[in-house]
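> work-v1.cif is reproduced in full below (mmCIF, C-alpha atoms).
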data_run
#
loop_
_atom_site.label_atom_id
_atom_site.label_comp_id
_atom_site.auth_asym_id
_atom_site.auth_seq_id
_atom_site.Cartn_x
_atom_site.Cartn_y
_atom_site.Cartn_z
CA MET A 31 0.00 0.00 0.00
CA HIS A 32 1.97 2.89 -1.39
CA VAL A 33 -0.05 5.71 0.22
CA LEU A 34 0.43 4.25 3.69
CA ALA A 35 4.14 3.56 3.20
CA GLU A 36 4.87 7.24 2.51
CA GLN A 37 4.69 9.81 5.31
CA CYS A 38 1.12 11.10 5.48
CA PRO A 39 1.08 14.69 4.11
CA TRP A 40 0.74 17.26 6.91
CA TYR A 41 -2.47 18.70 5.47
CA VAL A 42 -4.05 15.25 5.73
CA ALA A 43 -2.39 14.23 9.02
CA GLY A 44 -3.47 17.41 10.84
CA PRO A 45 -7.20 17.10 10.07
CA LEU A 46 -7.05 13.33 10.77
CA LEU A 47 -5.72 14.02 14.27
CA ALA A 48 -8.43 16.65 14.68
CA LEU A 49 -11.02 13.98 13.75
CA LEU A 50 -9.72 11.81 16.61
CA VAL A 51 -10.03 14.75 19.02
CA ILE A 52 -13.55 15.55 17.81
CA GLY A 53 -14.53 11.87 17.69
CA LEU A 54 -13.61 11.25 21.33
CA ARG A 55 -15.42 14.41 22.42
CA TRP A 56 -18.53 13.47 20.41
CA CYS A 57 -18.52 9.89 21.70
CA GLY A 58 -18.67 10.80 25.35
CA ASN A 59 -16.89 14.08 26.12
CA LEU A 60 -13.64 12.11 26.23
CA HIS A 61 -10.41 14.12 26.19
CA LEU A 62 -7.64 12.85 23.92
CA GLY A 63 -4.46 12.48 25.97
CA ALA A 64 -1.68 9.93 25.66
CA LEU A 65 -0.18 10.82 29.05
CA GLY A 66 -3.54 10.21 30.70
CA SER A 67 -3.57 6.73 29.17
CA PHE A 68 -0.18 6.01 30.78
CA VAL A 69 -1.46 7.34 34.13
CA ALA A 70 -4.57 5.15 33.90
CA ALA A 71 -2.57 2.08 32.87
CA GLU A 72 -0.08 2.62 35.69
CA SER A 73 -2.76 2.94 38.35
CA TRP A 74 -4.66 -0.09 37.02
CA ILE A 75 -1.49 -2.21 36.96
CA ALA A 76 -0.68 -1.08 40.52
CA ARG A 77 -4.25 -1.81 41.74
CA PRO A 78 -6.11 -3.98 39.24
CA ARG A 79 -9.74 -3.70 40.34
CA GLY A 80 -12.48 -4.48 37.88
CA LEU A 81 -12.51 -3.59 34.22
CA PRO A 82 -9.94 -0.85 33.46
CA SER A 83 -11.12 2.61 32.39
CA TRP A 84 -11.52 3.76 28.78
CA ARG A 85 -8.06 5.35 28.97
CA VAL A 86 -6.41 1.97 29.52
CA PHE A 87 -8.26 0.70 26.44
CA PHE A 88 -6.98 3.76 24.57
CA PHE A 89 -3.43 2.90 25.70
CA VAL A 90 -3.78 -0.70 24.47
CA GLY A 91 -5.31 0.64 21.26
CA THR A 92 -2.35 2.94 20.65
CA ILE A 93 0.03 -0.03 20.80
CA ALA A 94 -2.31 -2.11 18.63
CA GLY A 95 -2.45 0.75 16.13
CA GLY A 96 1.33 0.50 15.81
CA VAL A 97 1.00 -3.22 15.08
CA ALA A 98 -1.76 -2.50 12.54
CA TYR A 99 0.39 0.04 10.72
CA ALA A 100 3.37 -2.31 10.59
CA LEU A 101 1.15 -5.10 9.23
CA ALA A 102 -0.57 -2.80 6.70
CA THR A 103 2.77 -1.68 5.29
CA GLY A 104 4.38 -5.12 5.51
CA ALA A 105 7.07 -3.71 7.73
CA LEU A 106 6.60 -5.63 10.97
CA HIS A 107 10.09 -6.38 12.18
CA ALA A 108 11.55 -5.79 15.60
CA THR A 109 14.59 -3.56 15.99
CA PHE A 110 16.29 -1.60 18.76
CA ALA A 111 17.72 0.87 16.22
CA ASP A 112 16.52 4.42 16.95
CA GLY A 113 17.92 6.56 14.12
CA ALA A 114 20.30 9.38 15.00
CA PHE A 115 19.61 8.81 18.71
CA ASP A 116 22.08 5.92 18.56
CA GLU A 117 24.81 8.25 17.22
CA MET A 118 24.58 10.79 20.04
CA GLY A 119 27.97 11.25 21.69
CA LEU A 120 26.50 10.22 25.05
CA VAL A 121 25.55 6.75 23.88
CA ALA A 122 27.35 6.07 20.58
CA GLY A 123 29.36 2.85 20.70
CA ARG A 124 28.37 2.16 24.32
CA GLY A 125 25.88 -0.59 23.64
CA LEU A 126 22.19 -1.08 24.23
CA ALA A 127 22.36 -0.63 28.01
CA ALA A 128 23.60 2.98 27.70
CA ARG A 129 20.87 3.81 25.17
CA ALA A 130 18.23 2.13 27.32
CA ALA A 131 19.37 4.11 30.37
CA LEU A 132 19.25 7.46 28.54
CA LEU A 133 15.81 6.71 27.05
CA ALA A 134 14.45 5.58 30.42
CA GLY A 135 15.90 8.67 32.11
CA ALA A 136 14.25 10.90 29.52
CA GLY A 137 11.07 8.85 30.00
CA VAL A 138 11.05 9.60 33.73
CA LEU A 139 11.26 13.34 32.95
CA ILE A 140 8.43 12.93 30.43
CA GLY A 141 6.19 11.01 32.83
CA PHE A 142 6.92 13.08 35.94
CA GLY A 143 6.83 16.41 34.12
CA ALA A 144 3.77 15.79 31.99
CA ARG A 145 1.78 14.42 34.96
CA THR A 146 2.77 17.48 37.00
CA ALA A 147 1.56 19.67 34.14
CA GLY A 148 -1.56 17.55 33.64
CA GLY A 149 -0.89 16.65 30.02
CA CYS A 150 1.51 16.21 27.16
CA THR A 151 1.74 17.03 23.45
CA SER A 152 -1.66 15.45 22.75
CA GLY A 153 -3.68 16.40 25.85
CA HIS A 154 -2.39 19.95 26.22
CA GLY A 155 -0.74 20.55 22.82
CA VAL A 156 -3.54 19.52 20.50
CA CYS A 157 -6.73 18.93 22.50
CA GLY A 158 -6.28 21.63 25.16
CA VAL A 159 -5.02 24.31 22.77
CA ALA A 160 -7.92 23.60 20.37
CA GLN A 161 -10.24 24.15 23.34
CA LEU A 162 -8.43 27.44 24.06
CA SER A 163 -7.57 26.44 27.61
CA ALA A 164 -5.12 28.94 29.10
CA GLY A 165 -3.34 26.23 31.12
CA SER A 166 -2.87 24.11 28.00
CA ILE A 167 -1.63 27.05 25.93
CA ALA A 168 0.91 27.97 28.64
CA SER A 169 2.00 24.33 28.96
CA THR A 170 2.41 23.94 25.21
CA ALA A 171 4.38 27.18 24.86
CA THR A 172 6.65 26.01 27.70
CA PHE A 173 7.40 22.48 26.48
CA VAL A 174 7.83 23.60 22.87
CA MET A 175 10.29 26.34 23.83
CA VAL A 176 12.25 24.07 26.17
CA ALA A 177 12.35 21.18 23.66
CA VAL A 178 13.49 23.47 20.82
CA LEU A 179 16.24 24.84 23.06
CA VAL A 180 17.36 21.39 24.27
CA ALA A 181 17.33 20.00 20.71
CA ARG A 182 19.74 22.81 19.77
CA LEU A 183 22.00 22.37 22.78
CA LEU A 184 22.00 18.57 22.63
CA PRO A 185 24.69 18.05 19.95
CA ILE A 186 27.02 20.41 21.81
CA ALA A 187 26.47 18.80 25.21
CA ALA A 188 26.57 15.26 23.83
CA LEU A 189 29.85 15.86 22.00
CA GLY A 190 31.31 17.49 25.09
CA VAL A 191 30.65 14.37 27.13
CA ALA A 192 31.96 12.00 24.47
CA ARG A 193 35.31 13.73 23.92
CA MET B 143 -19.63 -6.21 33.88
CA THR B 144 -21.52 -5.69 37.10
CA ALA B 145 -24.56 -3.48 37.54
CA ARG B 146 -22.57 -1.29 39.88
CA ALA B 147 -19.82 -0.76 37.36
CA LYS B 148 -22.44 0.03 34.75
CA SER B 149 -24.10 2.68 36.85
CA GLU B 150 -20.70 4.14 37.77
CA GLY B 151 -19.89 4.27 34.11
CA ARG B 152 -23.08 6.14 33.38
CA ALA B 153 -22.56 8.50 36.28
CA ALA B 154 -19.00 9.28 35.25
CA GLY B 155 -20.06 9.62 31.64
CA SER B 156 -16.75 8.19 30.53
CA GLY B 157 -16.36 4.80 32.13
CA GLY B 158 -19.01 2.61 30.51
CA LEU B 159 -18.49 -0.21 28.05
CA ALA B 160 -19.25 2.07 25.09
CA ALA B 161 -16.55 4.50 26.24
CA ARG B 162 -14.09 1.63 26.47
CA ILE B 163 -14.92 0.48 22.94
CA ALA B 164 -14.55 4.07 21.72
CA GLY B 165 -11.24 4.34 23.55
CA LEU B 166 -9.95 1.13 21.99
CA VAL B 167 -11.07 1.96 18.44
CA LEU B 168 -9.87 5.57 18.48
CA GLY B 169 -6.70 4.45 20.27
CA ILE B 170 -5.97 2.11 17.36
CA GLY B 171 -6.57 5.03 15.01
CA PHE B 172 -4.21 7.19 17.09
CA GLY B 173 -1.41 4.60 17.09
CA PHE B 174 -1.82 3.98 13.36
CA TRP B 175 -1.83 7.72 12.70
CA LEU B 176 1.34 8.28 14.78
CA CYS B 177 3.21 5.71 12.68
CA TRP B 178 1.85 7.02 9.37
CA ALA B 179 2.83 10.60 10.23
CA ARG B 180 6.28 9.25 11.27
CA PHE B 181 6.07 10.66 14.78
CA THR B 182 7.44 7.33 16.01
CA SER B 183 10.75 8.33 14.42
CA TYR B 184 13.41 10.06 16.52
CA ASP B 185 14.84 11.67 13.38
CA VAL B 186 11.49 13.19 12.36
CA ILE B 187 10.85 14.67 15.84
CA LEU B 188 14.36 16.13 16.10
CA ALA B 189 14.23 17.52 12.55
CA GLY B 190 11.01 19.27 13.59
CA LEU B 191 12.43 20.62 16.86
CA ARG B 192 15.49 21.89 14.97
CA PHE B 193 13.28 23.42 12.23
CA GLU B 194 15.05 21.38 9.56
CA GLN B 195 11.59 20.16 8.53
CA LEU B 196 8.37 22.13 9.03
CA TYR B 197 6.18 19.01 8.94
CA LEU B 198 5.67 18.85 12.73
CA TRP B 199 4.59 22.50 12.95
CA LEU B 200 2.39 22.50 9.86
CA MET B 201 0.64 19.33 11.00
CA PHE B 202 0.19 20.77 14.51
CA GLY B 203 -1.29 23.99 13.14
CA ALA B 204 -3.66 22.13 10.82
CA ALA B 205 -4.77 19.81 13.64
CA VAL B 206 -5.40 22.58 16.17
CA VAL B 207 -7.32 24.79 13.73
CA THR B 208 -9.45 21.90 12.45
CA ALA B 209 -10.17 20.59 15.95
CA ALA B 210 -10.96 24.07 17.30
CA ILE B 211 -13.46 24.70 14.51
CA GLY B 212 -14.98 21.22 14.69
CA LEU B 213 -15.42 21.27 18.47
CA ARG B 214 -16.96 24.73 18.42
CA VAL B 215 -19.39 23.77 15.63
CA LEU B 216 -20.44 20.68 17.62
CA ARG B 217 -21.01 22.68 20.78
CA ALA B 218 -22.78 25.55 19.03
CA ALA B 219 -25.07 23.08 17.24
CA GLY B 220 -26.04 21.65 20.64
CA ALA B 221 -24.72 18.20 19.75
CA ARG B 222 -25.07 15.46 22.35
CA THR B 223 -22.67 12.62 23.00
CA TRP B 224 -23.39 9.24 21.42
CA ILE B 225 -22.72 7.37 24.64
CA ASP B 226 -24.88 9.13 27.20
CA GLY B 227 -26.63 11.97 25.40
CA ALA B 228 -24.90 14.64 27.48
CA PRO B 229 -24.30 18.01 25.81
CA VAL B 230 -20.91 18.13 24.05
CA GLY B 231 -18.74 20.50 26.05
CA TRP B 232 -15.49 20.97 27.92
CA SER B 233 -13.96 23.00 30.70
CA THR B 234 -10.78 25.06 30.61
CA THR B 235 -8.06 25.58 33.21
CA PRO B 236 -6.31 28.79 34.24
CA VAL B 237 -2.50 28.85 34.14
CA ARG B 238 -0.91 27.28 37.21
CA ARG B 239 2.73 27.07 38.24
CA SER B 240 2.57 23.28 37.82
CA HIS B 241 1.82 23.75 34.12
CA LEU B 242 5.10 25.63 33.65
CA VAL B 243 7.32 23.54 35.91
CA GLY B 244 5.98 20.20 34.66
CA SER B 245 6.05 21.21 31.00
CA ALA B 246 9.66 22.39 31.28
CA MET B 247 10.64 18.93 32.57
CA PHE B 248 8.54 17.27 29.90
CA GLY B 249 10.16 19.41 27.19
CA ILE B 250 13.64 18.23 28.20
CA GLY B 251 12.60 14.58 28.07
CA TRP B 252 10.79 15.06 24.76
CA ALA B 253 13.90 16.50 23.08
CA VAL B 254 16.33 13.95 24.56
CA ALA B 255 14.26 10.84 23.76
CA GLY B 256 12.81 12.34 20.57
CA THR B 257 9.46 10.95 21.59
CA CYS B 258 6.46 11.70 23.80
CA PRO B 259 3.93 9.37 25.47
CA GLY B 260 1.75 8.53 22.43
CA PRO B 261 4.62 7.73 20.06
CA ALA B 262 6.44 5.71 22.76
CA ALA B 263 3.43 3.38 22.98
CA ALA B 264 2.94 3.20 19.18
CA GLN B 265 6.66 2.48 18.70
CA ILE B 266 6.36 -0.70 20.76
CA GLY B 267 3.54 -2.00 18.55
CA GLN B 268 5.42 -1.05 15.41
CA GLY B 269 8.42 -3.13 16.47
CA HIS B 270 10.49 -0.06 17.26
CA LEU B 271 11.61 -1.57 20.54
CA ALA B 272 13.53 1.42 21.88
CA GLY B 273 10.05 2.58 22.85
CA ILE B 274 10.00 -0.07 25.60
CA PHE B 275 12.73 1.79 27.51
CA THR B 276 11.06 5.19 27.04
CA ALA B 277 7.66 3.78 28.06
CA ALA B 278 9.19 2.12 31.13
CA GLY B 279 10.68 5.48 32.11
CA ILE B 280 7.33 7.22 31.57
CA PHE B 281 5.59 4.67 33.80
CA ALA B 282 8.24 5.21 36.48
CA GLY B 283 7.93 9.01 36.23
CA VAL B 284 4.14 8.86 36.37
CA ALA B 285 4.23 6.54 39.41
CA LEU B 286 6.83 8.69 41.18
CA GLN B 287 4.83 11.86 40.59
CA GLY B 288 1.67 10.20 41.88
CA TRP B 289 3.49 8.91 44.96
CA ILE B 290 4.96 12.32 45.80
CA ALA B 291 1.66 14.10 45.17
CA THR B 292 -0.17 11.67 47.47
CA ARG B 293 2.40 12.13 50.26
CA ARG B 294 2.33 15.90 49.97
CA ALA B 295 -1.42 16.38 49.88
CA PRO B 296 -3.41 13.16 50.35
CA ALA B 297 -6.72 14.95 49.83
CA ALA B 298 -5.66 16.82 46.73
CA ALA B 299 -4.02 13.81 45.11
CA SER B 300 -7.28 12.69 43.59
CA SER B 301 -7.23 15.81 41.44
CA VAL B 302 -4.20 14.38 39.65
CA SER B 303 -6.33 11.61 38.21
CA PRO B 304 -6.06 10.09 34.75
CA GLY B 305 -8.79 12.45 33.66
CA ALA B 306 -6.57 15.33 34.65
CA CYS B 307 -4.71 15.05 31.36
CA ALA B 308 -5.44 18.64 30.55
CA GLN B 309 -8.84 18.99 32.17
CA ALA B 310 -8.76 21.68 29.61
#
Represent the structure of the file as structure tokens.

Amino acid sequence: MHVLAEQCPWYVAGPLLALLVIGLRWCGNLHLGALGSFVAAESWIARPRGLPSWRVFFFVGTIAGGVAYALATGALHATFADGAFDEMGLVAGRGLAARAALLAGAGVLIGFGARTAGGCTSGHGVCGVAQLSAGSIASTATFVMVAVLVARLLPIAALGVAR
Amino acid sequence: MTARAKSEGRAAGSGGLAARIAGLVLGIGFGFWLCWARFTSYDVILAGLRFEQLYLWLMFGAAVVTAAIGLRVLRAAGARTWIDGAPVGWSTTPVRRSHLVGSAMFGIGWAVAGTCPGPAAAQIGQGHLAGIFTAAGIFAGVALQGWIATRRAPAAASSVSPGACAQA
């Protein structure tokens, strides 16, 4: 399937994401948020009581969607390769354990920070900003500015550590 | 499913079986979409954050504008939800210090890992197994935050519920 194998054009991808936001809201005033699905999955795993909430189903669905895409494009193969991440001075040539540690460390910042803020790129960035929520707009401006800055500084810092 | 769970689901408006089916189906759409738009790729995220490609920003702008218009049309038309017939609507939050502090931390992690919570989950399904480490870290961060919040203010901790993902 050629169309699916190519990166979805932005002018199609944007409205498609908006349809997911609108669809969840129309279904049952549900708020799209990937971080919330991690929070729900974590609390259900810690205390599994009864059928998990819709957010846990959304979390499972997100993973299943990845499987569906890989199957649809005939590209289901497992790899630990992570593009240019593997070439960062901090982890290059230091094996999988070093890469795993850096990703997990970044993951802790993502989970702790986004839960403190009450949302991530989907919950605040797309859904909250579309709803013109001041808290979401402030959150989005903050994480975008910080991420842009860190992405710029990263090569310098990473090389500094490696040499 | 017990009668009690059913009634709780109805009362909450977001916990019933229909909501779970909607969550699963739209979650699959979300994961599929993340892969198709290449947001499961470290290189694509970093190229966006470094403005080497405008894809991330153009997509974001198109998504926000379309969603803002669509949601407002739904609400203005007095649409009701499919699941429980409640009026379509949402609340917004004022800016709090936690938004800024938490988002600054999140921004660092986003740029270092080149991924955020949705893509980390979709990566795992796609066979992009580096996502397992990022997702494990996210779970640890989420649990740690919840633990600290509960210790600090046991009564207020319930406000940091799953639904709090931008109670926007």
> From the set B:Trp224, B:Trp289, B:Phe181, B:Trp199, which residue has the shortest atom-to-atom contact distance to chain A, counting all atoms listed in the file?
B:Trp224
> My list of candidates is A:Gln37, A:Pro185, A:Leu120, A:Arg77. Which is closest to chain B when distances are computed with all atoms listed in the file?
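The closest residue to chain B is A:Gln37.
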> Taking (12.5, 25.2, 14.2) in the file's coordinates, which residues come within 10 Å, counting only C-alpha atoms, written as a ChimeraX atom specification?
/A:174-175,178-179,181-182 /B:188-196,198-199
> Care to translate the PyMOL selection byres ((chain B and resi 209) around 12) into actual residues of this file, as a count of residues only?
37
> Considering only C-alpha atoms, state which residue in the set A:Ala100, A:Gly148, A:Gly135, A:Cys38 is at the smallest distance from Ser67 in chain A.
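Under the stated criterion, the closest residue is A:Gly148.
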> By how many Å are CA of Ile280 in chain B and CA of Val138 in chain A apart?
4.9 Å
> For the PyMOL selection byres ((chain B and resi 269) around 12), applied here, can you spell out every residue it catches as a PyMOL selection string?
(chain A and resi 93-101+104-112) or (chain B and resi 177+182-183+262-268+270-274)
> Quote the spacing between CA of Cys150 in chain A and CA of Leu132 in chain A in Å to one decimal place.
19.8 Å
> Specify as a PyMOL selection string each residue included when the PyMOL selection byres ((chain A and resi 80-88) around 10) is applied to this file.
(chain A and resi 60-75+77-79+89-94) or (chain B and resi 143-144+147+151+156-173+304-305)
> Excluding Ala246 in chain B and residues on its chain fewer than 4 positions from it, collect all residues at most 6 Å away from it, counting all atoms listed in the file, and give them as number ranges by chain.
A: 172-173, 176
> From the options A:Ala102, A:Gly58, A:Ala147, A:Ala76, which residue's atoms come nearest to Phe174 in chain B, counting only C-alpha atoms?
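Looking at the shortest contact to Phe174 in chain B, the residue is A:Ala102.
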> Point out the residue among A:Ala134, A:Ala128, A:Met118, A:Ala35 with the least atom-to-atom distance to chain B, counting all atoms listed in the file.
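Closest candidate: A:Ala134.
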> Residues near range 232-243 of chain B, anyone? I mean within 7 Å using all atoms listed in the file, not counting same-chain ones fewer than 6 positions away, as a list in words.
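Once the adjacent positions are removed, what remains is Thr146, Ala147, Ser163, Ala164, Gly165, Ala168, Ser169 and Thr172 of chain A; Gln309 and Ala310 of chain B.
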> Keeping C-alpha atoms, export the residues of the selection given above as a PDB file, in the frame of the given file.

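Output (out-v1.pdb):
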ATOM      1  CA  THR A 146       2.770  17.480  37.000  1.00  0.00           C
ATOM      2  CA  ALA A 147       1.560  19.670  34.140  1.00  0.00           C
ATOM      3  CA  SER A 163      -7.570  26.440  27.610  1.00  0.00           C
ATOM      4  CA  ALA A 164      -5.120  28.940  29.100  1.00  0.00           C
ATOM      5  CA  GLY A 165      -3.340  26.230  31.120  1.00  0.00           C
ATOM      6  CA  ALA A 168       0.910  27.970  28.640  1.00  0.00           C
ATOM      7  CA  SER A 169       2.000  24.330  28.960  1.00  0.00           C
ATOM      8  CA  THR A 172       6.650  26.010  27.700  1.00  0.00           C
TER       9      THR A 172
ATOM     10  CA  GLN B 309      -8.840  18.990  32.170  1.00  0.00           C
ATOM     11  CA  ALA B 310      -8.760  21.680  29.610  1.00  0.00           C
TER      12      ALA B 310
END
